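Undergrad: I am attaching a structure below and will ask some questions about it afterwards.
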Amino acid sequence: MADKIVVAGVSVDTRHWIGGERVASAGTFTDVSPIDGGAIGEIARGGSAEAAAAVAAANAAFPSWAATPRAERARILHAIADGVEKRIEELAIVETTDNGALLRSHRRGVMPRVAHNFRFFADWLLKLDHEDFETRGHANHVSWDPAGPCVLITPWNAPLMLATWKVAPALAAGDTVVLKPAEWSPLTASLLADIAAEAGLPAGVLNVVQGYGSEIGDALTSHPDVRRISFTGSVPTAKRIAESAAANLTPLSLELGGKSPLLVFADADLELAVDLAVEQYDNAGQVCLAATRFLVEESIAAEFTRRFVDKATGLRQGDPRDEATDIGPNIHTRQLEKIDGFVQRAVAAGARAVIGGHRKDGHYYAPTLLTDVAQDSEIVQEEVFGPVLTLQTFSTEEEAVRLANDTRFGLAATLATGDRERAERVTAQLVAGTVWVNCFFVRDLQAPFGGSRLSGVGREGGTWSFDFYCDLKNTVTAPNGWKNHG
């Protein structure tokens with residue numbers, strides 16, 4: 001196996017990054033580009049040995065990193081952000097090649113946000129504090145102690161951005177990290193290791209190991225030296241991780257699936273509502289927060305559908321490197337088969353494909369809208385994770401809320417209405433970690449992020465991230481307990 005491959009002119013090391021060194025594996029796996037289905041290269045395929053080595057490196061580096069003053073940790077995180085900004089074009093083209101998301105989005109939004117993730121948590125660290133308080137004259141002081149080595153397992157739909165949502169606060173908190181990127185999109189994690197080393201991050205503080213699912217994942221999540229596990233991905237995998245972590249009672253943060261609703265009331269700005277609806281095809285529908293279930297008030301459903309179809313059929317699907325492309329490919333043949341299986345079963349059960357409903361050449365699936373779907377049907381209840389949306393109608397506000405909440409998930413919800421009081425009533429009743437009113441995907445890192453029900457456990461963002469990645473300590477000091485040595 002070659003140690004490095006060249007991706008769109010960018011050299012990427014295919015080996016693990018453990019203890020500040022590149023480490024090869026006996027086995028490899030093939031990384032495939034969803035753009036054309038062609039092989040990008042062979043990637044080091046780690047297992048239990050690499051997992052143990054990475055955790056050992058993180059454990060060895062932890063005491064020194066934990067003792068590093070906040071200001072110095074923040075300086076290094078800013079240096080990492082500087083390195084990301086210098087390589088935005090390289091990171092963008094590598095990630096587009098690897099996971100098929102739009103190059104224009106990576107250039108203008110995603111990779112700048114990666115740099116922002118590091119800057120935000122570096123700055124938040126420096127102002128992180130609780131006010132001291134008294135209890136019957138005793139002083140209370142709350143502090144955040146670094147917890148230890150963290151295992152961070154990240155998904156393939158936005159690889160580097162979602163990885164750095166975890167890596168940045170963990171490093172800021174004084175923890176060391178073992179990052180395991182998704183096997184379908186491992187490349188930018190390797191580049192991140194290079195950037196972190198160039199920024200002066202000490203050896204062993206960030207480790208990157210690659211491999212297939214449970215082959216390496218079980219060894220990481222069951223390791224007794226791991227103090228935190230953060231995972232973004234599917235519910236079945238999360239259950240396996242929770243079982244693995246249970247033996248050591250390792251704290252978990254889980255951001256899982258969604259089946260989020262878009263509620264459109266008759267008093268909404270209809271053009272805005274349609275724009276919000278079409279936006280749910282972003283990243284070929286591979287967005288956990290996507291509002292994939294349209295719930296539209298009966299009196300406007302026909303007009304909403306007409307306008308939606310007009311706008312959605314105007315989207316350009318094709319090569320994500322083309323500036324004019326609106327929808328790129330789906331990540332993998334297995335994912336395409338899963339998406340099409342959902343759609344074909346729904347149609348067989350009586351659903352109607354208003355648009356789409358079929359695979360296209362290569363890794364592309366036609367943007368799809370299904371109507372005539374039952375609330376208890378698979379297509380309404382289960383996450384598809386592709387460009388597949390459903391439309392149902394409601395007649396009353398109460399019915400809208402009932403339908404919105406009637407799944408096992410609770411990650412997000414989007415609401416379109418022109419009535420402020422209605423918005424307040426409805427959002428108060430929705431089961432969701434995030435609710436957007438007349439907008440979508442506005443995300444501030446200081447806000448709590450996570451899901452309810454099967455959409456996750458815990459919250460990250462701002463102080464919530466430090467609460468997770470640290471051991472909080474309260475020191476209580478009695479008054480007048482000091483000997484006078486003067």
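How things are named: the first chain in the structure tokens is A, the next is B, and so on; residues count from 1 in each chain; ligands count from 1 in the order shown.
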I'd like the neighbourhood of stretch 407-418 of chain A as an MDAnalysis selection string, where a residue qualifies if any of its atoms comes within 8 Å (using only C-alpha atoms), though same-chain residues fewer than 4 positions away should be ignored.
TA: chainID A and resid 256:269 272:273 289:291 381 422:423 430:440 450:456
Undergrad: Counting only C-alpha atoms, which residues in stretch 171-274 of chain A sit no more than 9 Å from stretch 86-109 of chain A? For each one, give the nearest pair of atoms and the distance in Å, sorted by chain then residue number, as CSV.
TA:
residue,atom,partner,partner_atom,distance
A:Trp184,CA,A:Asn99,CA,7.3
A:Ser185,CA,A:Asp98,CA,5.4
A:Pro186,CA,A:Asp98,CA,7.8
A:Leu187,CA,A:Asp98,CA,7.0
A:Thr188,CA,A:Glu95,CA,6.2
A:Leu191,CA,A:Leu91,CA,7.6
A:Leu192,CA,A:Leu91,CA,9.0
A:Ile195,CA,A:Arg87,CA,8.9
Undergrad: Excluding same-chain residues fewer than 4 positions from A:Ala302, what lies within 12 Å of it counting only C-alpha atoms, as a PyMOL selection string?
TA: chain A and resi 266+270+296-298+306-309+354+371+391-393
Undergrad: Can those selected residues be exported to a file as a PDB file, in the first residue's frame so that it contains N, CA, C and O atoms?
TA:
ATOM      1  N   ALA A 266     -51.459  27.799   6.932  1.00  0.00           N
ATOM      2  CA  ALA A 266     -52.047  28.607   5.863  1.00  0.00           C
ATOM      3  C   ALA A 266     -51.664  30.071   5.964  1.00  0.00           C
ATOM      4  O   ALA A 266     -51.685  30.798   4.964  1.00  0.00           O
ATOM      5  N   LEU A 270     -45.974  31.747   1.788  1.00  0.00           N
ATOM      6  CA  LEU A 270     -45.924  30.495   1.042  1.00  0.00           C
ATOM      7  C   LEU A 270     -44.627  30.359   0.251  1.00  0.00           C
ATOM      8  O   LEU A 270     -44.063  29.256   0.150  1.00  0.00           O
ATOM      9  N   VAL A 296     -48.636  19.992   5.834  1.00  0.00           N
ATOM     10  CA  VAL A 296     -49.140  21.216   5.218  1.00  0.00           C
ATOM     11  C   VAL A 296     -50.638  21.343   5.466  1.00  0.00           C
ATOM     12  O   VAL A 296     -51.392  20.368   5.296  1.00  0.00           O
ATOM     13  N   GLU A 297     -51.064  22.545   5.854  1.00  0.00           N
ATOM     14  CA  GLU A 297     -52.490  22.764   6.093  1.00  0.00           C
ATOM     15  C   GLU A 297     -53.283  22.519   4.815  1.00  0.00           C
ATOM     16  O   GLU A 297     -52.875  22.934   3.716  1.00  0.00           O
ATOM     17  N   GLU A 298     -54.398  21.800   4.949  1.00  0.00           N
ATOM     18  CA  GLU A 298     -55.162  21.335   3.783  1.00  0.00           C
ATOM     19  C   GLU A 298     -55.497  22.447   2.796  1.00  0.00           C
ATOM     20  O   GLU A 298     -55.420  22.259   1.581  1.00  0.00           O
ATOM     21  N   ARG A 306     -47.787  22.504  -5.887  1.00  0.00           N
ATOM     22  CA  ARG A 306     -47.512  23.004  -7.236  1.00  0.00           C
ATOM     23  C   ARG A 306     -46.241  23.834  -7.255  1.00  0.00           C
ATOM     24  O   ARG A 306     -45.359  23.653  -8.103  1.00  0.00           O
ATOM     25  N   ARG A 307     -46.123  24.748  -6.309  1.00  0.00           N
ATOM     26  CA  ARG A 307     -44.936  25.611  -6.269  1.00  0.00           C
ATOM     27  C   ARG A 307     -43.680  24.816  -5.929  1.00  0.00           C
ATOM     28  O   ARG A 307     -42.599  25.087  -6.472  1.00  0.00           O
ATOM     29  N   PHE A 308     -43.823  23.870  -5.033  1.00  0.00           N
ATOM     30  CA  PHE A 308     -42.675  23.042  -4.674  1.00  0.00           C
ATOM     31  C   PHE A 308     -42.172  22.271  -5.889  1.00  0.00           C
ATOM     32  O   PHE A 308     -40.954  22.236  -6.153  1.00  0.00           O
ATOM     33  N   VAL A 309     -43.071  21.642  -6.618  1.00  0.00           N
ATOM     34  CA  VAL A 309     -42.673  20.858  -7.794  1.00  0.00           C
ATOM     35  C   VAL A 309     -41.991  21.753  -8.823  1.00  0.00           C
ATOM     36  O   VAL A 309     -40.958  21.379  -9.401  1.00  0.00           O
ATOM     37  N   VAL A 354     -44.771  12.147  -6.606  1.00  0.00           N
ATOM     38  CA  VAL A 354     -45.105  13.362  -7.347  1.00  0.00           C
ATOM     39  C   VAL A 354     -43.940  13.757  -8.237  1.00  0.00           C
ATOM     40  O   VAL A 354     -44.122  14.172  -9.380  1.00  0.00           O
ATOM     41  N   THR A 371     -46.503  11.418  -1.790  1.00  0.00           N
ATOM     42  CA  THR A 371     -47.755  11.756  -1.120  1.00  0.00           C
ATOM     43  C   THR A 371     -48.559  10.469  -0.912  1.00  0.00           C
ATOM     44  O   THR A 371     -48.114   9.383  -1.274  1.00  0.00           O
ATOM     45  N   LEU A 391     -45.215  14.155   1.984  1.00  0.00           N
ATOM     46  CA  LEU A 391     -46.151  15.254   2.228  1.00  0.00           C
ATOM     47  C   LEU A 391     -47.463  14.690   2.756  1.00  0.00           C
ATOM     48  O   LEU A 391     -48.051  13.792   2.149  1.00  0.00           O
ATOM     49  N   GLN A 392     -47.877  15.230   3.896  1.00  0.00           N
ATOM     50  CA  GLN A 392     -49.174  14.928   4.487  1.00  0.00           C
ATOM     51  C   GLN A 392     -49.886  16.249   4.788  1.00  0.00           C
ATOM     52  O   GLN A 392     -49.255  17.303   4.856  1.00  0.00           O
ATOM     53  N   THR A 393     -51.185  16.166   4.976  1.00  0.00           N
ATOM     54  CA  THR A 393     -51.939  17.382   5.271  1.00  0.00           C
ATOM     55  C   THR A 393     -52.561  17.286   6.666  1.00  0.00           C
ATOM     56  O   THR A 393     -52.702  16.208   7.238  1.00  0.00           O
TER      57      THR A 393
END
Undergrad: Tell me, as a PDB file with C-alpha atoms, in the first residue's frame, which residues lie within 8 Å of stretch 226-237 of chain A, counting only C-alpha atoms; anything in the same chain fewer than 4 positions away does not count.
TA:
ATOM      1  CA  VAL A  55      -5.653   5.127  23.273  1.00  0.00           C
ATOM      2  CA  ALA A 147     -11.648  14.301  31.832  1.00  0.00           C
ATOM      3  CA  GLY A 148      -9.078  12.257  29.910  1.00  0.00           C
ATOM      4  CA  PRO A 149      -8.803  10.480  26.565  1.00  0.00           C
ATOM      5  CA  CYS A 150     -11.901  10.813  24.361  1.00  0.00           C
ATOM      6  CA  VAL A 151     -13.032   8.614  21.496  1.00  0.00           C
ATOM      7  CA  LEU A 152     -14.829  10.595  18.805  1.00  0.00           C
ATOM      8  CA  ILE A 153     -16.626   8.659  16.064  1.00  0.00           C
ATOM      9  CA  THR A 154     -17.894  10.769  13.198  1.00  0.00           C
ATOM     10  CA  PRO A 155     -20.159  10.333  10.151  1.00  0.00           C
ATOM     11  CA  LYS A 166     -16.192  17.341  18.655  1.00  0.00           C
ATOM     12  CA  LEU A 220     -12.096   1.906  21.139  1.00  0.00           C
ATOM     13  CA  THR A 221     -15.434   2.191  22.904  1.00  0.00           C
ATOM     14  CA  SER A 222     -14.786  -0.613  25.380  1.00  0.00           C
ATOM     15  CA  ILE A 241     -21.582   1.700  21.401  1.00  0.00           C
ATOM     16  CA  THR A 250     -18.006   5.705  30.076  1.00  0.00           C
ATOM     17  CA  PRO A 251     -20.125   8.866  29.585  1.00  0.00           C
ATOM     18  CA  LEU A 252     -21.673   9.160  26.134  1.00  0.00           C
ATOM     19  CA  SER A 253     -22.828  11.972  23.903  1.00  0.00           C
ATOM     20  CA  LEU A 254     -24.938  10.608  21.042  1.00  0.00           C
ATOM     21  CA  GLU A 255     -26.293  12.637  18.114  1.00  0.00           C
ATOM     22  CA  LEU A 256     -28.422  10.230  16.133  1.00  0.00           C
ATOM     23  CA  GLY A 257     -31.078  10.031  13.458  1.00  0.00           C
ATOM     24  CA  LEU A 454     -34.068   8.134  19.726  1.00  0.00           C
ATOM     25  CA  SER A 455     -32.399  11.194  18.240  1.00  0.00           C
ATOM     26  CA  TYR A 469     -15.798  16.897  28.023  1.00  0.00           C
TER      27      TYR A 469
END
Undergrad: DSSP on the backbone: what in stretch 230-280 of chain A comes out alpha helix (DSSP H), as a VMD selection string?
TA: chain A and resid 235 to 246 270 to 278
Undergrad: For those residues, write N, CA, C and O atoms to a file as a PDB file, in the first residue's frame.
TA:
ATOM      1  N   VAL A 235     -28.928   4.991  14.955  1.00  0.00           N
ATOM      2  CA  VAL A 235     -29.411   4.464  16.224  1.00  0.00           C
ATOM      3  C   VAL A 235     -28.866   3.056  16.500  1.00  0.00           C
ATOM      4  O   VAL A 235     -28.403   2.777  17.622  1.00  0.00           O
ATOM      5  N   PRO A 236     -28.891   2.119  15.537  1.00  0.00           N
ATOM      6  CA  PRO A 236     -28.355   0.781  15.826  1.00  0.00           C
ATOM      7  C   PRO A 236     -26.890   0.804  16.265  1.00  0.00           C
ATOM      8  O   PRO A 236     -26.499   0.085  17.188  1.00  0.00           O
ATOM      9  N   THR A 237     -26.077   1.635  15.601  1.00  0.00           N
ATOM     10  CA  THR A 237     -24.669   1.728  15.992  1.00  0.00           C
ATOM     11  C   THR A 237     -24.530   2.337  17.377  1.00  0.00           C
ATOM     12  O   THR A 237     -23.692   1.910  18.181  1.00  0.00           O
ATOM     13  N   ALA A 238     -25.358   3.336  17.670  1.00  0.00           N
ATOM     14  CA  ALA A 238     -25.312   3.968  18.994  1.00  0.00           C
ATOM     15  C   ALA A 238     -25.633   2.960  20.091  1.00  0.00           C
ATOM     16  O   ALA A 238     -25.024   2.981  21.170  1.00  0.00           O
ATOM     17  N   LYS A 239     -26.591   2.079  19.841  1.00  0.00           N
ATOM     18  CA  LYS A 239     -26.933   1.067  20.846  1.00  0.00           C
ATOM     19  C   LYS A 239     -25.751   0.129  21.087  1.00  0.00           C
ATOM     20  O   LYS A 239     -25.475  -0.249  22.233  1.00  0.00           O
ATOM     21  N   ARG A 240     -25.053  -0.206  20.029  1.00  0.00           N
ATOM     22  CA  ARG A 240     -23.876  -1.075  20.178  1.00  0.00           C
ATOM     23  C   ARG A 240     -22.785  -0.360  20.962  1.00  0.00           C
ATOM     24  O   ARG A 240     -22.128  -0.958  21.828  1.00  0.00           O
ATOM     25  N   ILE A 241     -22.587   0.924  20.675  1.00  0.00           N
ATOM     26  CA  ILE A 241     -21.582   1.700  21.401  1.00  0.00           C
ATOM     27  C   ILE A 241     -21.950   1.793  22.883  1.00  0.00           C
ATOM     28  O   ILE A 241     -21.101   1.654  23.764  1.00  0.00           O
ATOM     29  N   ALA A 242     -23.231   2.035  23.158  1.00  0.00           N
ATOM     30  CA  ALA A 242     -23.682   2.146  24.549  1.00  0.00           C
ATOM     31  C   ALA A 242     -23.441   0.844  25.301  1.00  0.00           C
ATOM     32  O   ALA A 242     -23.009   0.847  26.466  1.00  0.00           O
ATOM     33  N   GLU A 243     -23.703  -0.277  24.648  1.00  0.00           N
ATOM     34  CA  GLU A 243     -23.442  -1.572  25.281  1.00  0.00           C
ATOM     35  C   GLU A 243     -21.950  -1.752  25.551  1.00  0.00           C
ATOM     36  O   GLU A 243     -21.548  -2.248  26.600  1.00  0.00           O
ATOM     37  N   SER A 244     -21.133  -1.351  24.588  1.00  0.00           N
ATOM     38  CA  SER A 244     -19.689  -1.494  24.724  1.00  0.00           C
ATOM     39  C   SER A 244     -19.153  -0.614  25.852  1.00  0.00           C
ATOM     40  O   SER A 244     -18.276  -1.018  26.613  1.00  0.00           O
ATOM     41  N   ALA A 245     -19.690   0.598  25.952  1.00  0.00           N
ATOM     42  CA  ALA A 245     -19.218   1.553  26.954  1.00  0.00           C
ATOM     43  C   ALA A 245     -19.735   1.233  28.354  1.00  0.00           C
ATOM     44  O   ALA A 245     -19.183   1.712  29.349  1.00  0.00           O
ATOM     45  N   ALA A 246     -20.779   0.440  28.431  1.00  0.00           N
ATOM     46  CA  ALA A 246     -21.443   0.215  29.716  1.00  0.00           C
ATOM     47  C   ALA A 246     -20.529  -0.438  30.750  1.00  0.00           C
ATOM     48  O   ALA A 246     -20.613  -0.138  31.945  1.00  0.00           O
ATOM     49  N   LEU A 270     -45.974  31.747   1.788  1.00  0.00           N
ATOM     50  CA  LEU A 270     -45.924  30.495   1.042  1.00  0.00           C
ATOM     51  C   LEU A 270     -44.627  30.359   0.251  1.00  0.00           C
ATOM     52  O   LEU A 270     -44.063  29.256   0.150  1.00  0.00           O
ATOM     53  N   GLU A 271     -44.140  31.459  -0.294  1.00  0.00           N
ATOM     54  CA  GLU A 271     -42.895  31.385  -1.048  1.00  0.00           C
ATOM     55  C   GLU A 271     -41.736  31.010  -0.133  1.00  0.00           C
ATOM     56  O   GLU A 271     -40.869  30.198  -0.486  1.00  0.00           O
ATOM     57  N   LEU A 272     -41.716  31.580   1.070  1.00  0.00           N
ATOM     58  CA  LEU A 272     -40.696  31.212   2.048  1.00  0.00           C
ATOM     59  C   LEU A 272     -40.818  29.742   2.413  1.00  0.00           C
ATOM     60  O   LEU A 272     -39.813  29.020   2.496  1.00  0.00           O
ATOM     61  N   ALA A 273     -42.032  29.275   2.638  1.00  0.00           N
ATOM     62  CA  ALA A 273     -42.255  27.880   3.020  1.00  0.00           C
ATOM     63  C   ALA A 273     -41.752  26.931   1.927  1.00  0.00           C
ATOM     64  O   ALA A 273     -41.134  25.896   2.222  1.00  0.00           O
ATOM     65  N   VAL A 274     -42.013  27.282   0.676  1.00  0.00           N
ATOM     66  CA  VAL A 274     -41.543  26.440  -0.435  1.00  0.00           C
ATOM     67  C   VAL A 274     -40.020  26.445  -0.494  1.00  0.00           C
ATOM     68  O   VAL A 274     -39.386  25.399  -0.706  1.00  0.00           O
ATOM     69  N   ASP A 275     -39.409  27.599  -0.287  1.00  0.00           N
ATOM     70  CA  ASP A 275     -37.946  27.664  -0.278  1.00  0.00           C
ATOM     71  C   ASP A 275     -37.368  26.788   0.829  1.00  0.00           C
ATOM     72  O   ASP A 275     -36.378  26.074   0.627  1.00  0.00           O
ATOM     73  N   LEU A 276     -37.983  26.844   2.008  1.00  0.00           N
ATOM     74  CA  LEU A 276     -37.535  25.993   3.108  1.00  0.00           C
ATOM     75  C   LEU A 276     -37.681  24.518   2.749  1.00  0.00           C
ATOM     76  O   LEU A 276     -36.812  23.696   3.074  1.00  0.00           O
ATOM     77  N   ALA A 277     -38.764  24.185   2.083  1.00  0.00           N
ATOM     78  CA  ALA A 277     -39.015  22.799   1.706  1.00  0.00           C
ATOM     79  C   ALA A 277     -37.980  22.289   0.708  1.00  0.00           C
ATOM     80  O   ALA A 277     -37.430  21.186   0.858  1.00  0.00           O
ATOM     81  N   VAL A 278     -37.699  23.077  -0.312  1.00  0.00           N
ATOM     82  CA  VAL A 278     -36.723  22.662  -1.330  1.00  0.00           C
ATOM     83  C   VAL A 278     -35.331  22.528  -0.723  1.00  0.00           C
ATOM     84  O   VAL A 278     -34.528  21.676  -1.137  1.00  0.00           O
TER      85      VAL A 278
END
Undergrad: Have a look at atom CA of A:Val177 and atom CA of A:Ala52 and let me know their distance in Å, one decimal.
TA: 13.0 Å
Undergrad: By how many Å are atom CA of A:Met111 and atom CA of A:Met161 apart?
TA: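 That distance, rounded to one decimal, is 7.1 Å.
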Undergrad: Find the residue from A:Arg316, A:His138, A:Arg293, A:Lys360 that sits nearest to A:Asn480; use only C-alpha atoms when measuring.
TA: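 The closest residue to A:Asn480 is A:His138.
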Undergrad: So that I can see what lies close to stretch 32-44 of chain A, please list as JSON, numbers by chain the residues with an atom at most 9 Å from it, counting only C-alpha atoms and leaving out residues fewer than 6 positions away in the same chain.
TA: {"A": [1, 2, 3, 4, 5, 6, 7, 13, 14, 15, 16, 23, 24, 25, 26, 96, 97, 98, 99, 100, 183, 184, 185, 186, 187, 209, 210, 211, 318, 319, 320, 321, 328, 329, 330, 331, 332, 333, 362, 363, 364]}
Undergrad: When DSSP is applied to the backbone of this structure, which of stretch 213-383 of chain A are assigned strand (DSSP E or B)? Write them out as a PyMOL selection string.
TA: chain A and resi 228-232+252-255+260-264+291-297+317+327+352-355+359+365+368-371
Undergrad: How far is it from atom CA of A:Gly386 to atom CA of A:Ala284, in Å with one decimal?
TA: 5.9 Å
Undergrad: Of the candidates A:Thr477, A:Gln429, A:Asn207, A:Thr176, which shows the shortest atom-to-atom distance to A:Ala67, using only C-alpha atoms?
TA: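 Distance minimum relative to A:Ala67 lands on A:Thr176.
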